[in-house]
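Taking it in order: structure first as structure tokens, then the write-up.
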Amino acid sequence: MSRKLVAYFSASGVTKKLAERISKIAGADLHEIVPKEIYTDEDLNWMNENSRSSIEMKNKSFRPEIANKINNIDDYDTIYVGFPIWWYVAPTIINTFLESYNLTGKTIIPFATSGESLMGNTNEELKNSCNGSVLKEGRRFDIKDSDEIIKNWIESL
């Protein structure tokens with residue numbers, strides 16, 4: 001039987017709520033990706049070009065450190081990776097997470113939250129961080145999407 005994991009980064013709590021729902025519907029374990037340095041509201045101010053998140057997203061090679069590591073990643077075949085959309089892509093902490101493990105033979109399934117932005121160039125920017133794995137096309141959800149929509153998406157994979 002395939003073991004599944006939902007790993008997520010949530011800056012404001014919205015992605016966390018979606019990740020919990022996906023975990024329950026998919027029958028997957030849940031893991032929060034916690035940055036070593038927690039993002040403040042000021043850090044997340046995308047309208048300030050000098051905010052931490054703005055600076056990180058301008059430099060695609062930047063890799064924020066993660067405070068907590070998964071010790072049993074080898075136990076999982078399928079990893080759903082969740083995040084808020086930042087500048088039409090995944091935050092670079094998602095690259096940090098993916099690059100922290102040997103993902104050979106695993107299936108990586110991105111999912112995201114956003115008020116309006118779509119997935120944009122997310123998969124293209126995550127591809128090199130997923131060496132040896134199958135990277136599925138990601139999906140953006142609205143927090144108001146029903147459990148039925150989530151279930152249908154999971155079953156379509």
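In the structure tokens, the first chain shown is A, the next is B, and so on; residue numbers restart at 1 for each chain, and ligands run from 1 in the order shown.
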
Write out as a Markdown table a residue-level contact list of segment 10-39 of chain A versus segment 62-67 of chain A with cut-off 9 Å: for each qualifying residue the closest pair of atoms and the distance in Å to one decimal, counting only C-alpha atoms, rows sorted by chain and residue number upward.
```
| residue | atom | partner | partner_atom | distance |
| --- | --- | --- | --- | --- |
| A:Ile33 | CA | A:Ile66 | CA | 6.8 |
| A:Val34 | CA | A:Ala67 | CA | 5.6 |
| A:Pro35 | CA | A:Ile66 | CA | 4.4 |
| A:Lys36 | CA | A:Ala67 | CA | 4.2 |
| A:Glu37 | CA | A:Glu65 | CA | 7.5 |
```

Exercise for review: Excluding Leu30 of chain A and any residue of its chain fewer than 2 positions from it, enumerate the residues within 12 Å of it, using only C-alpha atoms, and give them as an MDAnalysis selection string.
Suggested key: chainID A and resid 3:9 16:28 32:33 70 73 76 79:82

Using N, CA, C and O atoms, can you export the residues from the last selection as a CSV table (one decimal), in the first residue's frame?
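Below is the file that was written, result13.csv:
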```
chain,number,residue,atom,x,y,z
A,3,ARG,N,2.1,4.9,0.8
A,3,ARG,CA,2.0,5.8,1.9
A,3,ARG,C,2.1,7.2,1.4
A,3,ARG,O,2.9,7.5,0.5
A,4,LYS,N,1.2,8.1,1.9
A,4,LYS,CA,1.1,9.4,1.4
A,4,LYS,C,1.4,10.4,2.5
A,4,LYS,O,1.1,10.2,3.7
A,5,LEU,N,1.9,11.5,2.1
A,5,LEU,CA,2.3,12.6,3.0
A,5,LEU,C,1.8,13.9,2.4
A,5,LEU,O,1.9,14.2,1.2
A,6,VAL,N,1.2,14.8,3.2
A,6,VAL,CA,0.9,16.2,2.8
A,6,VAL,C,1.8,17.0,3.6
A,6,VAL,O,1.8,17.1,4.9
A,7,ALA,N,2.8,17.7,2.9
A,7,ALA,CA,3.7,18.6,3.5
A,7,ALA,C,3.3,20.0,3.0
A,7,ALA,O,3.1,20.2,1.8
A,8,TYR,N,3.3,21.0,3.9
A,8,TYR,CA,2.8,22.3,3.5
A,8,TYR,C,3.5,23.4,4.3
A,8,TYR,O,4.0,23.2,5.4
A,9,PHE,N,3.6,24.5,3.6
A,9,PHE,CA,4.1,25.8,4.2
A,9,PHE,C,2.9,26.7,4.2
A,9,PHE,O,2.3,26.9,3.1
A,16,LYS,N,-2.7,26.0,5.6
A,16,LYS,CA,-2.7,24.9,6.6
A,16,LYS,C,-4.1,24.3,6.6
A,16,LYS,O,-4.3,23.1,6.7
A,17,LYS,N,-5.2,25.1,6.6
A,17,LYS,CA,-6.5,24.6,6.6
A,17,LYS,C,-6.8,23.7,5.4
A,17,LYS,O,-7.4,22.6,5.5
A,18,LEU,N,-6.3,24.1,4.2
A,18,LEU,CA,-6.5,23.3,3.0
A,18,LEU,C,-5.7,22.0,3.1
A,18,LEU,O,-6.2,20.9,2.8
A,19,ALA,N,-4.5,22.1,3.6
A,19,ALA,CA,-3.6,20.9,3.8
A,19,ALA,C,-4.2,19.9,4.7
A,19,ALA,O,-4.2,18.7,4.5
A,20,GLU,N,-4.8,20.3,5.8
A,20,GLU,CA,-5.5,19.4,6.8
A,20,GLU,C,-6.7,18.7,6.1
A,20,GLU,O,-6.9,17.5,6.3
A,21,ARG,N,-7.4,19.4,5.2
A,21,ARG,CA,-8.5,18.8,4.5
A,21,ARG,C,-8.0,17.8,3.5
A,21,ARG,O,-8.6,16.7,3.4
A,22,ILE,N,-7.0,18.1,2.8
A,22,ILE,CA,-6.4,17.2,1.8
A,22,ILE,C,-5.9,15.9,2.5
A,22,ILE,O,-6.1,14.8,2.0
A,23,SER,N,-5.2,16.1,3.6
A,23,SER,CA,-4.7,15.0,4.4
A,23,SER,C,-5.8,14.1,4.8
A,23,SER,O,-5.6,12.8,4.7
A,24,LYS,N,-6.8,14.6,5.3
A,24,LYS,CA,-8.0,13.8,5.7
A,24,LYS,C,-8.6,13.0,4.6
A,24,LYS,O,-8.8,11.8,4.7
A,25,ILE,N,-8.9,13.7,3.5
A,25,ILE,CA,-9.5,13.1,2.3
A,25,ILE,C,-8.6,12.1,1.7
A,25,ILE,O,-9.1,11.0,1.2
A,26,ALA,N,-7.3,12.4,1.6
A,26,ALA,CA,-6.4,11.4,0.9
A,26,ALA,C,-5.9,10.3,1.8
A,26,ALA,O,-5.3,9.4,1.4
A,27,GLY,N,-6.2,10.4,3.1
A,27,GLY,CA,-5.7,9.4,4.1
A,27,GLY,C,-4.2,9.5,4.2
A,27,GLY,O,-3.5,8.5,4.3
A,28,ALA,N,-3.7,10.8,4.2
A,28,ALA,CA,-2.2,11.0,4.2
A,28,ALA,C,-1.8,11.6,5.6
A,28,ALA,O,-2.5,12.3,6.3
A,32,GLU,N,3.9,20.1,8.7
A,32,GLU,CA,4.1,21.5,8.4
A,32,GLU,C,5.5,21.8,8.2
A,32,GLU,O,6.4,21.5,9.0
A,33,ILE,N,5.8,22.5,7.1
A,33,ILE,CA,7.1,23.0,6.8
A,33,ILE,C,7.3,24.3,7.5
A,33,ILE,O,6.6,25.3,7.2
A,70,ILE,N,11.8,16.0,8.1
A,70,ILE,CA,11.1,14.7,8.2
A,70,ILE,C,12.1,13.6,8.2
A,70,ILE,O,13.0,13.5,7.3
A,73,ILE,N,11.2,10.2,5.5
A,73,ILE,CA,10.7,10.5,4.1
A,73,ILE,C,10.7,9.3,3.2
A,73,ILE,O,9.8,9.2,2.3
A,76,TYR,N,7.4,7.3,2.4
A,76,TYR,CA,6.3,7.9,1.6
A,76,TYR,C,6.6,7.7,0.1
A,76,TYR,O,7.7,7.9,-0.4
A,79,ILE,N,3.9,12.5,-2.2
A,79,ILE,CA,4.0,13.7,-1.4
A,79,ILE,C,3.2,14.8,-2.0
A,79,ILE,O,3.6,15.3,-3.1
A,80,TYR,N,2.2,15.2,-1.4
A,80,TYR,CA,1.4,16.4,-1.8
A,80,TYR,C,2.2,17.6,-1.1
A,80,TYR,O,2.5,17.5,0.1
A,81,VAL,N,2.5,18.6,-1.9
A,81,VAL,CA,3.3,19.7,-1.3
A,81,VAL,C,2.4,21.0,-1.5
A,81,VAL,O,2.1,21.4,-2.6
A,82,GLY,N,2.1,21.6,-0.4
A,82,GLY,CA,1.2,22.8,-0.4
A,82,GLY,C,1.9,24.1,0.0
A,82,GLY,O,2.8,24.1,0.8
```

Review point. Nearest to Ile93 of chain A among A:Arg139, A:Thr15, A:Ser10, A:Asp75, with distances taken over only C-alpha atoms: which residue is it?
Key: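 Once distances to Ile93 of chain A are computed over only C-alpha atoms, the minimum belongs to A:Ser10.
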
Review point. What's the 10 Å shell around Tyr39 of chain A, counting only C-alpha atoms, without same-chain residues fewer than 6 positions away, as a ChimeraX atom specification?
Key: /A:10-12,52-53

Exercise for review: Name the residues of chain A that fall into strand (DSSP E) according to DSSP on the backbone, using the chain letters and numbers of this document, as number ranges by chain.
Suggested key: A: 4-8, 29-32, 78-84, 107-113, 134-135, 139-141

Please dump the current selection as an mmCIF file, in the first residue's frame; keep N, CA and C atoms.
```cif
data_model
loop_
_atom_site.group_PDB
_atom_site.id
_atom_site.type_symbol
_atom_site.label_atom_id
_atom_site.label_comp_id
_atom_site.auth_asym_id
_atom_site.auth_seq_id
_atom_site.Cartn_x
_atom_site.Cartn_y
_atom_site.Cartn_z
ATOM 1 N N LYS A 4 1.195 8.064 1.897
ATOM 2 C CA LYS A 4 1.092 9.437 1.398
ATOM 3 C C LYS A 4 1.390 10.434 2.504
ATOM 4 N N LEU A 5 1.939 11.549 2.082
ATOM 5 C CA LEU A 5 2.260 12.644 2.990
ATOM 6 C C LEU A 5 1.764 13.945 2.390
ATOM 7 N N VAL A 6 1.180 14.779 3.222
ATOM 8 C CA VAL A 6 0.872 16.158 2.844
ATOM 9 C C VAL A 6 1.834 17.038 3.639
ATOM 10 N N ALA A 7 2.760 17.674 2.910
ATOM 11 C CA ALA A 7 3.713 18.606 3.517
ATOM 12 C C ALA A 7 3.335 19.995 3.034
ATOM 13 N N TYR A 8 3.260 20.951 3.946
ATOM 14 C CA TYR A 8 2.793 22.269 3.542
ATOM 15 C C TYR A 8 3.524 23.377 4.281
ATOM 16 N N ASP A 29 -0.526 11.318 5.915
ATOM 17 C CA ASP A 29 0.077 11.955 7.071
ATOM 18 C C ASP A 29 0.258 13.443 6.767
ATOM 19 N N LEU A 30 0.438 14.235 7.818
ATOM 20 C CA LEU A 30 0.511 15.683 7.679
ATOM 21 C C LEU A 30 1.805 16.202 8.291
ATOM 22 N N HIS A 31 2.476 17.115 7.579
ATOM 23 C CA HIS A 31 3.712 17.714 8.073
ATOM 24 C C HIS A 31 3.749 19.192 7.691
ATOM 25 N N GLU A 32 3.915 20.058 8.685
ATOM 26 C CA GLU A 32 4.058 21.486 8.406
ATOM 27 C C GLU A 32 5.518 21.818 8.167
ATOM 28 N N THR A 78 4.078 9.036 -2.200
ATOM 29 C CA THR A 78 3.392 10.191 -2.764
ATOM 30 C C THR A 78 3.450 11.331 -1.764
ATOM 31 N N ILE A 79 3.894 12.493 -2.249
ATOM 32 C CA ILE A 79 4.004 13.661 -1.385
ATOM 33 C C ILE A 79 3.242 14.818 -2.025
ATOM 34 N N TYR A 80 2.172 15.225 -1.371
ATOM 35 C CA TYR A 80 1.447 16.434 -1.753
ATOM 36 C C TYR A 80 2.186 17.588 -1.092
ATOM 37 N N VAL A 81 2.520 18.610 -1.858
ATOM 38 C CA VAL A 81 3.271 19.743 -1.323
ATOM 39 C C VAL A 81 2.436 21.010 -1.493
ATOM 40 N N GLY A 82 2.074 21.633 -0.358
ATOM 41 C CA GLY A 82 1.191 22.792 -0.382
ATOM 42 C C GLY A 82 1.865 24.075 0.021
ATOM 43 N N PHE A 83 1.358 25.170 -0.527
ATOM 44 C CA PHE A 83 1.955 26.478 -0.289
ATOM 45 C C PHE A 83 1.022 27.570 -0.795
ATOM 46 N N PRO A 84 1.225 28.792 -0.299
ATOM 47 C CA PRO A 84 0.526 29.939 -0.893
ATOM 48 C C PRO A 84 1.277 30.347 -2.166
ATOM 49 N N THR A 107 6.270 10.409 -6.139
ATOM 50 C CA THR A 107 5.382 11.275 -6.900
ATOM 51 C C THR A 107 5.134 12.534 -6.080
ATOM 52 N N ILE A 108 5.396 13.679 -6.683
ATOM 53 C CA ILE A 108 5.229 14.969 -6.028
ATOM 54 C C ILE A 108 4.018 15.660 -6.654
ATOM 55 N N ILE A 109 3.094 16.085 -5.801
ATOM 56 C CA ILE A 109 1.858 16.713 -6.269
ATOM 57 C C ILE A 109 1.696 18.075 -5.593
ATOM 58 N N PRO A 110 1.983 19.163 -6.309
ATOM 59 C CA PRO A 110 1.823 20.488 -5.721
ATOM 60 C C PRO A 110 0.350 20.906 -5.620
ATOM 61 N N PHE A 111 0.048 21.660 -4.568
ATOM 62 C CA PHE A 111 -1.250 22.315 -4.454
ATOM 63 C C PHE A 111 -1.025 23.662 -3.786
ATOM 64 N N ALA A 112 -1.891 24.600 -4.097
ATOM 65 C CA ALA A 112 -1.650 25.955 -3.609
ATOM 66 C C ALA A 112 -2.942 26.665 -3.257
ATOM 67 N N THR A 113 -2.773 27.718 -2.480
ATOM 68 C CA THR A 113 -3.867 28.625 -2.164
ATOM 69 C C THR A 113 -3.497 30.002 -2.697
ATOM 70 N N VAL A 134 8.478 11.968 -10.036
ATOM 71 C CA VAL A 134 7.455 12.363 -11.010
ATOM 72 C C VAL A 134 6.750 13.573 -10.428
ATOM 73 N N LEU A 135 6.839 14.699 -11.117
ATOM 74 C CA LEU A 135 6.196 15.933 -10.668
ATOM 75 C C LEU A 135 4.894 16.095 -11.435
ATOM 76 N N ARG A 139 -2.219 22.272 -8.672
ATOM 77 C CA ARG A 139 -3.576 22.833 -8.704
ATOM 78 C C ARG A 139 -3.714 23.886 -7.612
ATOM 79 N N ARG A 140 -4.348 24.997 -7.974
ATOM 80 C CA ARG A 140 -4.671 26.043 -7.011
ATOM 81 C C ARG A 140 -6.102 25.837 -6.550
ATOM 82 N N PHE A 141 -6.290 25.985 -5.256
ATOM 83 C CA PHE A 141 -7.616 25.864 -4.667
ATOM 84 C C PHE A 141 -8.029 27.187 -4.045
#
```
